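**Q** The structure file query01.csv (CSV, C-alpha atoms) is provided below.
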chain,number,residue,atom,x,y,z
A,147,MET,CA,0.0,0.0,0.0
A,148,MET,CA,1.1,3.6,-0.4
A,149,ALA,CA,2.8,4.9,2.7
A,150,LYS,CA,0.5,6.8,5.1
A,151,ARG,CA,1.8,9.8,7.3
A,152,GLY,CA,0.7,10.3,10.9
A,153,ILE,CA,1.8,11.6,14.2
A,154,ASP,CA,2.2,10.2,17.7
A,155,ILE,CA,1.2,12.2,20.8
A,156,SER,CA,1.1,12.2,24.6
A,157,ASP,CA,0.1,14.5,27.4
A,158,TYR,CA,2.7,16.9,26.3
A,159,GLN,CA,0.7,17.8,23.2
A,160,SER,CA,-2.7,18.5,24.9
A,161,GLY,CA,-3.3,21.6,22.9
A,162,ILE,CA,-3.9,19.9,19.5
A,163,ASP,CA,-6.9,21.2,17.4
A,164,PHE,CA,-8.2,17.9,15.9
A,165,SER,CA,-10.6,19.7,13.6
A,166,VAL,CA,-7.6,21.2,11.8
A,167,MET,CA,-5.3,18.2,12.2
A,168,LYS,CA,-7.7,15.7,10.6
A,169,ASP,CA,-7.0,17.1,7.1
A,170,GLN,CA,-3.2,16.8,7.5
A,171,VAL,CA,-2.6,13.3,8.9
A,172,ASP,CA,-3.7,9.8,8.0
A,173,PHE,CA,-3.5,8.5,11.6
A,174,ILE,CA,-2.6,9.3,15.1
A,175,ILE,CA,-0.9,7.0,17.7
A,176,ILE,CA,-1.7,8.0,21.2
A,177,ARG,CA,0.2,7.3,24.4
A,178,VAL,CA,-2.2,5.6,26.9
A,179,GLY,CA,0.0,5.9,30.0
A,180,TYR,CA,3.2,4.8,31.6
A,181,GLY,CA,4.8,2.6,34.3
A,182,THR,CA,4.0,-0.4,36.4
A,183,ARG,CA,1.7,1.7,38.5
A,184,GLY,CA,-0.7,2.0,35.6
A,185,THR,CA,-0.7,5.8,35.3
A,186,ILE,CA,-3.1,6.9,32.5
A,187,ASP,CA,-2.3,10.1,30.6
A,188,ASP,CA,-4.8,12.9,31.5
A,189,SER,CA,-5.3,13.6,27.8
A,190,PHE,CA,-5.6,10.0,26.6
A,191,ARG,CA,-9.4,9.7,26.6
A,192,TRP,CA,-9.8,13.2,25.2
A,193,PHE,CA,-7.4,12.4,22.4
A,194,ALA,CA,-9.1,9.1,21.6
A,195,ASP,CA,-12.6,10.6,21.7
A,196,ASN,CA,-11.5,13.3,19.3
A,197,CYS,CA,-10.0,10.7,16.9
A,198,VAL,CA,-13.4,9.0,16.9
A,199,LYS,CA,-15.3,12.3,16.5
A,200,TYR,CA,-13.2,13.3,13.5
A,201,ASN,CA,-12.8,9.8,12.0
A,202,ILE,CA,-9.0,9.7,12.4
A,203,PRO,CA,-7.6,6.2,12.5
A,204,MET,CA,-5.6,5.6,15.7
A,205,GLY,CA,-3.2,3.4,17.5
A,206,PHE,CA,-2.0,3.3,21.1
A,207,TYR,CA,1.3,2.9,22.9
A,208,TRP,CA,2.5,2.4,26.5
A,209,TYR,CA,5.8,3.9,27.9
A,210,SER,CA,7.4,1.2,30.0
A,211,TYR,CA,9.2,1.7,33.3
A,212,ALA,CA,9.2,-2.0,34.0
A,213,LEU,CA,12.4,-3.6,35.2
A,214,ASP,CA,11.2,-7.2,34.9
A,215,VAL,CA,8.6,-9.4,33.2
A,216,ASN,CA,6.1,-9.1,36.0
A,217,GLY,CA,6.3,-5.4,35.7
A,218,ALA,CA,5.7,-5.5,31.9
A,219,LYS,CA,2.6,-7.7,32.5
A,220,LYS,CA,1.2,-5.2,35.0
A,221,GLU,CA,1.7,-2.5,32.4
A,222,ALA,CA,-0.1,-4.6,29.8
A,223,ASN,CA,-3.1,-5.0,32.1
A,224,ALA,CA,-3.4,-1.3,32.7
A,225,PHE,CA,-3.0,-0.7,29.0
A,226,LEU,CA,-5.8,-3.2,28.0
A,227,ASN,CA,-8.2,-1.8,30.7
A,228,ALA,CA,-7.8,1.7,29.4
A,229,ILE,CA,-8.2,1.0,25.6
A,230,ALA,CA,-11.2,-1.3,26.0
A,231,PRO,CA,-13.8,1.3,24.8
A,232,TYR,CA,-11.8,1.9,21.5
A,233,THR,CA,-10.8,0.1,18.4
A,234,PRO,CA,-7.2,0.8,17.4
A,235,THR,CA,-6.4,0.3,13.7
A,236,TYR,CA,-2.8,1.3,13.8
A,237,GLY,CA,-1.5,-1.2,16.3
A,238,CYS,CA,-0.8,-1.4,20.1
A,239,TRP,CA,2.9,-0.7,20.9
A,240,PHE,CA,5.2,-1.3,23.8
A,241,ASP,CA,7.6,1.7,24.1
A,242,MET,CA,10.9,0.2,25.1
A,243,GLU,CA,13.6,2.9,25.7
A,244,ASP,CA,15.3,4.7,28.6
A,245,ALA,CA,14.8,8.3,27.5
A,246,ASP,CA,15.0,9.7,31.1
A,247,GLY,CA,17.6,7.3,32.4
A,248,TYR,CA,15.3,5.6,34.8
A,249,LYS,CA,16.3,2.0,33.9
A,250,LYS,CA,20.0,2.8,34.1
A,251,LYS,CA,19.6,4.4,37.5
A,252,ASN,CA,17.5,1.6,38.9
A,253,GLY,CA,19.3,-1.4,37.5
A,254,MET,CA,19.2,-1.8,33.7
A,255,PRO,CA,17.8,-5.2,33.0
A,256,SER,CA,19.9,-7.6,30.8
A,257,ASN,CA,19.2,-7.6,27.1
A,258,SER,CA,17.6,-11.0,27.5
A,259,THR,CA,15.2,-9.6,30.2
A,260,LEU,CA,14.4,-6.6,28.1
A,261,LYS,CA,13.3,-8.8,25.2
A,262,ASP,CA,11.3,-11.1,27.6
A,263,MET,CA,9.5,-8.0,28.9
A,264,CYS,CA,8.6,-6.9,25.3
A,265,TYR,CA,7.5,-10.4,24.5
A,266,ALA,CA,5.3,-10.7,27.6
A,267,PHE,CA,3.6,-7.3,27.0
A,268,CYS,CA,3.0,-8.0,23.3
A,269,GLU,CA,1.8,-11.5,23.9
A,270,LYS,CA,-0.8,-10.4,26.5
A,271,VAL,CA,-2.0,-7.6,24.2
A,272,GLU,CA,-2.2,-9.9,21.2
A,273,ASN,CA,-4.1,-12.6,23.2
A,274,ALA,CA,-6.6,-9.9,24.0
A,275,GLY,CA,-7.3,-9.5,20.3
A,276,TYR,CA,-5.1,-6.6,19.2
A,277,TYR,CA,-2.2,-6.1,16.8
A,278,ALA,CA,0.9,-5.8,19.0
A,279,GLY,CA,4.4,-4.6,18.4
A,280,VAL,CA,7.5,-2.9,19.9
A,281,TYR,CA,8.6,0.7,19.6
A,282,ALA,CA,12.3,1.5,20.0
A,283,SER,CA,15.1,3.4,18.3
A,284,LEU,CA,17.1,1.7,15.5
A,285,SER,CA,20.1,1.5,17.9
A,286,TRP,CA,18.0,-0.4,20.5
A,287,PHE,CA,16.7,-2.8,17.9
A,288,LYS,CA,20.3,-3.5,16.7
A,289,ASN,CA,21.7,-3.9,20.2
A,290,GLN,CA,19.5,-4.4,23.3
A,291,LEU,CA,16.6,-6.0,21.3
A,292,SER,CA,18.6,-7.9,18.6
A,293,GLY,CA,18.1,-11.5,17.7
A,294,ASP,CA,15.0,-13.7,16.9
A,295,ARG,CA,13.2,-13.5,20.3
A,296,LEU,CA,10.8,-10.7,19.1
A,297,SER,CA,10.5,-11.8,15.5
A,298,ARG,CA,6.9,-12.8,16.1
A,299,PHE,CA,5.9,-9.1,16.7
A,300,ASP,CA,6.1,-6.1,14.5
A,301,LYS,CA,8.5,-3.2,15.0
A,302,TRP,CA,8.0,0.6,15.1
A,303,VAL,CA,11.4,2.0,14.4
A,304,ALA,CA,12.6,5.5,15.5
A,305,MET,CA,15.4,6.9,13.2
A,306,TRP,CA,15.6,10.6,12.4
A,307,PRO,CA,17.6,11.5,9.3
A,308,THR,CA,19.6,14.7,9.6
A,309,ARG,CA,21.2,17.3,7.4
A,310,ASN,CA,24.2,19.4,8.6
A,311,GLY,CA,23.6,18.1,12.1
A,312,LYS,CA,19.9,19.0,12.3
A,313,GLN,CA,16.8,16.9,11.8
A,314,ARG,CA,15.2,17.2,8.3
A,315,GLY,CA,11.7,17.4,9.8
A,316,LEU,CA,9.0,16.7,7.2
A,317,ASP,CA,11.6,16.9,4.4
A,318,VAL,CA,12.0,13.1,4.4
A,319,SER,CA,10.5,10.9,1.7
A,320,SER,CA,8.7,7.7,2.6
A,321,ASP,CA,10.8,6.0,-0.1
A,322,GLU,CA,14.0,6.4,1.9
A,323,GLU,CA,13.2,3.5,4.2
A,324,THR,CA,10.7,0.8,3.1
A,325,ASP,CA,11.8,-2.2,5.1
A,326,TRP,CA,9.9,-1.2,8.3
A,327,SER,CA,6.2,-1.4,9.0
A,328,LEU,CA,6.2,1.9,10.9
A,329,TRP,CA,8.9,4.5,10.8
A,330,GLN,CA,9.2,7.5,13.2
A,331,PHE,CA,11.3,9.7,10.9
A,332,THR,CA,11.4,12.9,12.9
A,333,SER,CA,10.5,14.6,16.2
A,334,ASP,CA,10.4,17.9,14.4
A,335,GLY,CA,7.2,17.8,12.4
A,336,TRP,CA,5.2,21.0,12.2
A,337,PHE,CA,1.4,21.1,11.4
A,338,ASP,CA,-1.4,23.6,11.5
A,339,GLY,CA,-3.5,23.1,14.6
A,340,TYR,CA,-0.6,22.7,17.0
A,341,ASP,CA,2.0,25.3,18.1
A,342,GLY,CA,4.9,23.0,18.6
A,343,ARG,CA,7.0,20.1,17.3
A,344,LEU,CA,5.3,16.7,16.7
A,345,ASP,CA,6.8,13.2,16.3
A,346,THR,CA,5.9,12.1,12.7
A,347,ASN,CA,5.8,8.7,11.1
A,348,TYR,CA,5.3,6.7,7.9
A,349,ALA,CA,3.2,3.6,8.0
A,350,TYR,CA,3.8,1.0,5.2
A,351,ARG,CA,1.1,-1.6,6.0
A,352,GLU,CA,-2.2,-2.2,7.6
A,353,PHE,CA,-2.4,-3.3,11.2
A,354,LEU,CA,-5.4,-5.6,11.4
A,355,ASN,CA,-6.5,-6.7,14.8
A,356,PRO,CA,-6.3,-10.6,14.9
A,357,GLY,CA,-9.2,-11.0,17.3
A,358,LYS,CA,-9.2,-13.2,20.4
A,359,PRO,CA,-7.9,-16.7,20.0
A,360,ASN,CA,-9.8,-19.8,21.1
A,361,PRO,CA,-9.4,-20.2,24.9
A,362,GLU,CA,-6.9,-22.9,25.9
A,363,PRO,CA,-7.3,-25.1,29.0
A,364,LYS,CA,-5.9,-23.4,32.0
A,365,PRO,CA,-2.9,-25.3,33.5
A,366,GLU,CA,-3.0,-26.4,37.1
A,367,PRO,CA,-1.8,-23.5,39.3
A,368,ALA,CA,1.7,-23.9,40.7
A,369,PRO,CA,2.2,-24.0,44.5
A,370,ALA,CA,2.4,-20.5,45.9
A,371,PRO,CA,6.0,-19.6,46.7
A,372,LYS,CA,6.9,-18.8,50.2
A,373,PRO,CA,7.0,-15.0,50.6
A,374,THR,CA,10.4,-13.4,51.2
A,375,PRO,CA,10.6,-11.7,54.6
A,376,ALA,CA,9.9,-8.0,54.2
A,377,PRO,CA,11.9,-5.3,55.9
A,378,SER,CA,10.0,-3.1,58.4
A,379,GLY,CA,9.6,0.7,58.1
A,380,SER,CA,7.4,3.1,56.1
A,381,THR,CA,7.4,3.3,52.3
A,382,PHE,CA,9.2,6.6,52.6
A,383,GLU,CA,12.0,5.1,54.8
A,384,LEU,CA,12.5,2.1,52.5
A,385,ALA,CA,12.6,4.4,49.4
A,386,LEU,CA,15.2,6.5,51.1
A,387,GLY,CA,17.2,3.4,51.8
A,388,VAL,CA,17.0,2.4,48.1
A,389,MET,CA,18.3,5.8,47.1
A,390,GLN,CA,21.2,5.4,49.6
A,391,GLY,CA,22.1,2.0,48.0
A,392,GLU,CA,21.1,-0.2,50.9
A,393,TYR,CA,19.0,-2.6,48.7
A,394,GLY,CA,21.0,-2.8,45.5
A,395,ASN,CA,19.5,-2.9,42.0
A,396,GLY,CA,17.3,-5.2,39.9
A,397,ASP,CA,16.9,-8.7,41.3
A,398,GLU,CA,18.9,-8.0,44.4
A,399,ARG,CA,16.6,-5.1,45.3
A,400,LYS,CA,13.5,-7.2,44.6
A,401,GLU,CA,14.8,-10.0,46.9
A,402,LYS,CA,15.8,-7.7,49.8
A,403,LEU,CA,12.5,-5.8,49.7
A,404,GLY,CA,10.4,-8.9,49.4
A,405,THR,CA,6.6,-8.2,49.6
A,406,ARG,CA,7.4,-4.5,50.0
A,407,TYR,CA,9.1,-4.3,46.6
A,408,ASP,CA,6.1,-3.1,44.5
A,409,GLU,CA,5.0,-0.4,46.9
A,410,VAL,CA,8.5,1.0,47.2
A,411,GLN,CA,9.3,0.7,43.5
A,412,ASP,CA,6.0,2.5,42.6
A,413,PHE,CA,6.9,5.3,45.0
A,414,ILE,CA,10.3,5.7,43.2
A,415,ASN,CA,8.7,5.4,39.7
A,416,HIS,CA,6.3,8.1,40.7
A,417,ILE,CA,9.2,10.4,41.5
A,418,TYR,CA,10.8,9.9,38.1
A,419,SER,CA,7.6,10.1,36.0
A,420,ALA,CA,5.1,12.5,37.7
A,421,PRO,CA,4.8,16.1,36.5
A,422,ILE,CA,6.8,18.7,38.3
A,423,ASP,CA,3.7,20.4,39.5
A,424,THR,CA,2.5,17.2,41.1
A,425,LEU,CA,5.8,16.6,42.9
A,426,ALA,CA,5.8,20.2,44.1
A,427,LYS,CA,2.4,19.9,45.7
A,428,GLU,CA,3.4,16.6,47.4
A,429,VAL,CA,6.6,18.3,48.7
A,430,ILE,CA,4.4,21.0,50.3
A,431,GLU,CA,2.2,18.3,51.8
A,432,GLY,CA,5.3,16.8,53.4
A,433,LYS,CA,5.6,13.6,51.3
A,434,TYR,CA,9.3,13.8,50.7
A,435,GLY,CA,10.7,15.0,54.0
A,436,VAL,CA,13.1,18.0,54.4
A,437,GLY,CA,16.7,18.9,53.8
A,438,GLU,CA,19.0,16.1,52.7
A,439,GLN,CA,16.2,13.5,52.7
A,440,ARG,CA,14.3,15.5,50.1
A,441,VAL,CA,17.4,16.1,48.0
A,442,LEU,CA,18.2,12.4,48.0
A,443,LEU,CA,14.7,11.2,47.1
A,444,LEU,CA,14.1,13.7,44.3
A,445,GLY,CA,17.5,13.2,42.8
A,446,ASP,CA,18.0,15.0,39.5
A,447,ARG,CA,14.5,16.5,39.7
A,448,TYR,CA,15.2,18.3,43.0
A,449,ASP,CA,16.1,21.7,41.6
A,450,ALA,CA,13.1,21.9,39.2
A,451,VAL,CA,10.7,20.7,41.9
A,452,GLN,CA,12.1,23.1,44.6
A,453,ASP,CA,11.8,26.0,42.1
A,454,LYS,CA,8.1,25.1,41.6
A,455,VAL,CA,7.6,24.8,45.4
A,456,ASN,CA,9.1,28.3,45.9
A,457,GLU,CA,6.8,29.7,43.2
A,458,MET,CA,3.7,28.0,44.7
A,459,LEU,CA,4.5,29.4,48.1
A,460,GLN,CA,4.7,33.0,46.9
A,461,PRO,CA,1.7,35.0,48.0
A,462,ALA,CA,-0.8,35.4,45.2
A,463,PRO,CA,-0.9,38.9,43.8
A,464,ALA,CA,-4.0,41.0,44.4
A,465,GLN,CA,-6.4,41.1,41.5
A,466,LYS,CA,-9.3,43.2,40.5
A,467,PRO,CA,-12.8,41.8,41.1
A,468,ILE,CA,-14.0,39.3,38.5
A,469,THR,CA,-17.2,40.7,36.8
A,470,LYS,CA,-19.3,40.0,33.8
A,471,GLY,CA,-17.5,41.2,30.6
A,472,CYS,CA,-13.9,40.9,31.9
A,473,ARG,CA,-11.4,38.3,30.8
A,474,VAL,CA,-9.9,35.7,33.0
A,475,ARG,CA,-7.2,32.9,32.9
A,476,PHE,CA,-8.7,29.6,34.0
A,477,THR,CA,-6.2,27.9,36.4
A,478,GLY,CA,-8.2,24.9,37.5
A,479,THR,CA,-9.0,21.5,36.0
A,480,LYS,CA,-12.6,20.9,36.9
A,481,SER,CA,-16.0,22.5,36.5
A,482,TYR,CA,-18.0,24.1,39.3
A,483,SER,CA,-19.8,20.8,39.9
A,484,GLY,CA,-16.4,18.9,40.0
A,485,ILE,CA,-16.4,17.4,36.5
A,486,PRO,CA,-12.9,17.2,34.9
A,487,LEU,CA,-12.5,19.6,32.0
A,488,ALA,CA,-10.5,19.1,28.8
A,489,ASP,CA,-6.8,19.8,29.3
A,490,TRP,CA,-6.7,22.7,26.8
A,491,THR,CA,-8.9,24.8,29.1
A,492,HIS,CA,-6.2,24.9,31.8
A,493,ASN,CA,-4.3,28.3,31.6
A,494,SER,CA,-6.5,29.4,28.7
A,495,ILE,CA,-8.0,32.9,28.5
A,496,PHE,CA,-11.8,33.2,28.5
A,497,ASP,CA,-14.5,35.8,28.6
A,498,VAL,CA,-16.7,36.1,31.7
A,499,ILE,CA,-20.3,35.6,30.7
A,500,GLU,CA,-21.9,35.5,34.1
A,501,VAL,CA,-21.0,35.8,37.8
A,502,SER,CA,-23.1,34.5,40.6
A,503,GLY,CA,-21.4,34.3,44.0
A,504,ASP,CA,-18.4,32.0,43.6
A,505,ARG,CA,-19.9,30.5,40.3
A,506,VAL,CA,-18.4,32.0,37.1
A,507,VAL,CA,-19.6,31.1,33.6
A,508,ILE,CA,-16.7,31.3,31.1
A,509,GLY,CA,-16.5,31.0,27.4
A,510,LYS,CA,-15.5,32.6,24.1
A,511,GLY,CA,-17.7,35.5,23.3
A,512,SER,CA,-21.2,34.4,24.0
A,513,ALA,CA,-20.4,30.6,23.6
A,514,VAL,CA,-20.3,29.0,27.0
A,515,THR,CA,-17.4,26.7,27.8
A,516,ALA,CA,-18.2,25.8,31.4
A,517,ALA,CA,-19.3,27.1,34.8
A,518,VAL,CA,-16.3,27.1,37.2
A,519,ASN,CA,-15.3,28.2,40.7
A,520,ILE,CA,-14.2,31.8,41.0
A,521,ARG,CA,-11.1,30.7,42.9
A,522,ASP,CA,-9.8,29.0,39.7
A,523,CYS,CA,-10.0,32.3,37.7
A,524,GLN,CA,-7.4,35.1,37.5
A,525,ARG,CA,-8.4,38.3,36.0
A,526,VAL,CA,-6.2,39.4,33.1
What's the structure tokens form of this structure?

**A**
Amino acid sequence: MMAKRGIDISDYQSGIDFSVMKDQVDFIIIRVGYGTRGTIDDSFRWFADNCVKYNIPMGFYWYSYALDVNGAKKEANAFLNAIAPYTPTYGCWFDMEDADGYKKKNGMPSNSTLKDMCYAFCEKVENAGYYAGVYASLSWFKNQLSGDRLSRFDKWVAMWPTRNGKQRGLDVSSDEETDWSLWQFTSDGWFDGYDGRLDTNYAYREFLNPGKPNPEPKPEPAPAPKPTPAPSGSTFELALGVMQGEYGNGDERKEKLGTRYDEVQDFINHIYSAPIDTLAKEVIEGKYGVGEQRVLLLGDRYDAVQDKVNEMLQPAPAQKPITKGCRVRFTGTKSYSGIPLADWTHNSIFDVIEVSGDRVVIGKGSAVTAAVNIRDCQRV
């Protein structure tokens, strides 16, 4: 088939105008979430619903923070639960990389384990009736993920051609690489409907969902292993010990933490993956201690989080009363009745259509967007 061109997006691209984008791309692949904790992107459902609304074919992917096969299976379960209401036609992909250095810092699994993790995720997704594959850079496929172990599953390859040391952006022909099913050829794609760079891809085939296989007889369950004795102390104290090197990495850490491993690892995963605003709020709530404890737990993210904490603790500037006809910046995330609003509304400027006590109706001109609480509005 003729190559199709599409984009892949995550929470970082929450301002996309799908009504404009639909005429420029053939498909969109959406990040569902990340990590063994099963964190779903705030924008995932809004993205998927807009693809349905504007008839844009879509696929899904999950960014993995797993360090072993059990972690990859947990991620697959969270992924499948989230995508259940939708029908992907551009595949379901396991994002295997270490973009933020998390795996390296927490005990990079062996190449064999990395491939087993990919296999476990894709097999679980395929058995649920979806087309499954692995996303990684060309370098990872040639090194960490090389060999025949993953030959059963398709590959989505990231390789960005350059000219004079810079990405060529959309100036890349689909004819330059035709041996891959899905090629992410740039992170520097620019399209009307979004004010920023977008990952852009060529697809060279169809990704038909195989449907669920016939159920196989369930094997007899193996005897439950005896639990490893777990160390005492709070999750905070154990995570601090991990950061101080008391529990080692990888399998050693899992053995030493025993039944406490998942809760401690989820705590650490959250530190490395949560938005800076979320971590700053938790610091203010006392979640990460003080002084050297906080520095140790937050690691490389400490400076950015502490800057945000300092900003949040600054007294709010006095503002003029909010009245009908003025303009406000909406700083909240929910309506007056507590219903979550689309991500694009956060920090957007609106006209005030009506004010009644602490209830403010905002919109564009006379078109109502939502009724919100006055405390979530800043006059501009």

**Q** Segment 299-306 of chain A: which residues within 9 Å, counting only C-alpha atoms, same-chain residues fewer than 6 positions away excluded, as a short mmCIF file (atom, residue, chain, number, x, y, z; two decimals) with C-alpha atoms, in the coordinates of the input?

**A**
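Output saved as result_35.cif:
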data_model
loop_
_atom_site.label_atom_id
_atom_site.label_comp_id
_atom_site.auth_asym_id
_atom_site.auth_seq_id
_atom_site.Cartn_x
_atom_site.Cartn_y
_atom_site.Cartn_z
CA TRP A 239 2.90 -0.70 20.90
CA TYR A 265 7.50 -10.40 24.50
CA CYS A 268 3.00 -8.00 23.30
CA GLU A 269 1.80 -11.50 23.90
CA TYR A 277 -2.20 -6.10 16.80
CA ALA A 278 0.90 -5.80 19.00
CA GLY A 279 4.40 -4.60 18.40
CA VAL A 280 7.50 -2.90 19.90
CA TYR A 281 8.60 0.70 19.60
CA ALA A 282 12.30 1.50 20.00
CA SER A 283 15.10 3.40 18.30
CA LEU A 284 17.10 1.70 15.50
CA SER A 285 20.10 1.50 17.90
CA PHE A 287 16.70 -2.80 17.90
CA GLN A 313 16.80 16.90 11.80
CA ARG A 314 15.20 17.20 8.30
CA GLY A 315 11.70 17.40 9.80
CA TRP A 326 9.90 -1.20 8.30
CA SER A 327 6.20 -1.40 9.00
CA LEU A 328 6.20 1.90 10.90
CA TRP A 329 8.90 4.50 10.80
CA GLN A 330 9.20 7.50 13.20
CA PHE A 331 11.30 9.70 10.90
CA THR A 332 11.40 12.90 12.90
CA SER A 333 10.50 14.60 16.20
CA ASN A 347 5.80 8.70 11.10
#

**Q** Quick one, how far is atom CA of Tyr207 of chain A from atom CA of Gly181 of chain A?

**A**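 Atom CA of Gly181 of chain A lies 11.9 Å from atom CA of Tyr207 of chain A.
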
**Q** Write out as a Markdown table a residue-level contact list of segment 148-211 of chain A versus segment 489-502 of chain A with cut-off 9 Å: for each qualifying residue the closest pair of atoms and the distance in Å to one decimal, counting only C-alpha atoms, rows sorted by chain and residue number upward.

**A**
| residue | atom | partner | partner_atom | distance |
| --- | --- | --- | --- | --- |
| A:Asp157 | CA | A:Asp489 | CA | 8.9 |
| A:Ser160 | CA | A:Trp490 | CA | 6.1 |
| A:Gly161 | CA | A:Trp490 | CA | 5.3 |
| A:Ile162 | CA | A:Trp490 | CA | 8.3 |
| A:Asp188 | CA | A:Asp489 | CA | 7.5 |
| A:Ser189 | CA | A:Asp489 | CA | 6.6 |
| A:Trp192 | CA | A:Asp489 | CA | 8.3 |

**Q** Do you know which residues are at most 9 Å from segment 233-237 of chain A counting all atoms listed in the file, after dropping those on the same chain fewer than 6 positions away, and could you put them as an MDAnalysis selection string?

**A** chainID A and resid 173:175 203:207 276:279 349 352:355

**Q** So, counting all atoms listed in the file, which residue among A:Leu444, A:Leu344, A:Val518, A:Val451 is closest to Met389 of chain A?

**A**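 Counting all atoms listed in the file, the residue closest to Met389 of chain A is A:Leu444.
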
**Q** Point out the residue among A:Lys219, A:Asp397, A:Arg177, A:Ser378 with the least atom-to-atom distance to Ser256 of chain A, counting all atoms listed in the file.

**A**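 Closest to Ser256 of chain A, using all atoms listed in the file: A:Asp397.
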
**Q** Could you give me, as a ChimeraX atom specification, the residues within 9 Å of Ile202 of chain A, counting only C-alpha atoms and dropping anything in the same chain fewer than 2 positions from it?

**A** /A:164,168,171-174,196-200,204

**Q** Extract, using only C-alpha atoms, all DNA, RNA and protein residues at most 8 Å from Phe337 of chain A, discarding same-chain residues fewer than 3 positions from it, and format them as JSON, numbers by chain.

**A** {"A": [167, 170, 340, 341, 344]}

**Q** Pull N, CA, C and O atoms for segment 251-263 of chain A from the block and write them as a PDB file, in the first residue's frame.

**A**
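Saved file out-v1.pdb follows:
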ATOM      1  N   LYS A 251      19.400   4.035  36.080  1.00  0.00           N
ATOM      2  CA  LYS A 251      19.581   4.430  37.475  1.00  0.00           C
ATOM      3  C   LYS A 251      19.071   3.366  38.440  1.00  0.00           C
ATOM      4  O   LYS A 251      19.561   3.241  39.565  1.00  0.00           O
ATOM      5  N   ASN A 252      18.076   2.572  38.023  1.00  0.00           N
ATOM      6  CA  ASN A 252      17.455   1.603  38.924  1.00  0.00           C
ATOM      7  C   ASN A 252      17.841   0.162  38.619  1.00  0.00           C
ATOM      8  O   ASN A 252      17.201  -0.760  39.111  1.00  0.00           O
ATOM      9  N   GLY A 253      18.883  -0.013  37.822  1.00  0.00           N
ATOM     10  CA  GLY A 253      19.350  -1.364  37.534  1.00  0.00           C
ATOM     11  C   GLY A 253      18.888  -1.823  36.171  1.00  0.00           C
ATOM     12  O   GLY A 253      17.903  -2.561  36.074  1.00  0.00           O
ATOM     13  N   MET A 254      19.596  -1.394  35.110  1.00  0.00           N
ATOM     14  CA  MET A 254      19.217  -1.751  33.738  1.00  0.00           C
ATOM     15  C   MET A 254      19.119  -3.273  33.587  1.00  0.00           C
ATOM     16  O   MET A 254      20.074  -3.997  33.861  1.00  0.00           O
ATOM     17  N   PRO A 255      17.940  -3.781  33.200  1.00  0.00           N
ATOM     18  CA  PRO A 255      17.814  -5.234  32.996  1.00  0.00           C
ATOM     19  C   PRO A 255      18.762  -5.713  31.898  1.00  0.00           C
ATOM     20  O   PRO A 255      19.190  -4.941  31.028  1.00  0.00           O
ATOM     21  N   SER A 256      19.072  -6.994  31.907  1.00  0.00           N
ATOM     22  CA  SER A 256      19.884  -7.573  30.840  1.00  0.00           C
ATOM     23  C   SER A 256      19.117  -7.510  29.525  1.00  0.00           C
ATOM     24  O   SER A 256      17.886  -7.370  29.497  1.00  0.00           O
ATOM     25  N   ASN A 257      19.857  -7.625  28.418  1.00  0.00           N
ATOM     26  CA  ASN A 257      19.198  -7.626  27.109  1.00  0.00           C
ATOM     27  C   ASN A 257      18.175  -8.743  26.996  1.00  0.00           C
ATOM     28  O   ASN A 257      17.103  -8.587  26.408  1.00  0.00           O
ATOM     29  N   SER A 258      18.503  -9.898  27.573  1.00  0.00           N
ATOM     30  CA  SER A 258      17.570 -11.021  27.548  1.00  0.00           C
ATOM     31  C   SER A 258      16.283 -10.683  28.286  1.00  0.00           C
ATOM     32  O   SER A 258      15.180 -10.972  27.790  1.00  0.00           O
ATOM     33  N   THR A 259      16.401 -10.032  29.445  1.00  0.00           N
ATOM     34  CA  THR A 259      15.207  -9.644  30.208  1.00  0.00           C
ATOM     35  C   THR A 259      14.419  -8.571  29.473  1.00  0.00           C
ATOM     36  O   THR A 259      13.179  -8.606  29.447  1.00  0.00           O
ATOM     37  N   LEU A 260      15.099  -7.625  28.851  1.00  0.00           N
ATOM     38  CA  LEU A 260      14.408  -6.573  28.093  1.00  0.00           C
ATOM     39  C   LEU A 260      13.545  -7.202  26.988  1.00  0.00           C
ATOM     40  O   LEU A 260      12.389  -6.806  26.783  1.00  0.00           O
ATOM     41  N   LYS A 261      14.111  -8.188  26.294  1.00  0.00           N
ATOM     42  CA  LYS A 261      13.349  -8.848  25.223  1.00  0.00           C
ATOM     43  C   LYS A 261      12.195  -9.680  25.791  1.00  0.00           C
ATOM     44  O   LYS A 261      11.105  -9.714  25.212  1.00  0.00           O
ATOM     45  N   ASP A 262      12.432 -10.322  26.933  1.00  0.00           N
ATOM     46  CA  ASP A 262      11.350 -11.078  27.577  1.00  0.00           C
ATOM     47  C   ASP A 262      10.219 -10.153  28.010  1.00  0.00           C
ATOM     48  O   ASP A 262       9.034 -10.513  27.931  1.00  0.00           O
ATOM     49  N   MET A 263      10.556  -8.946  28.468  1.00  0.00           N
ATOM     50  CA  MET A 263       9.537  -7.968  28.862  1.00  0.00           C
ATOM     51  C   MET A 263       8.690  -7.562  27.654  1.00  0.00           C
ATOM     52  O   MET A 263       7.453  -7.513  27.734  1.00  0.00           O
TER      53      MET A 263
END
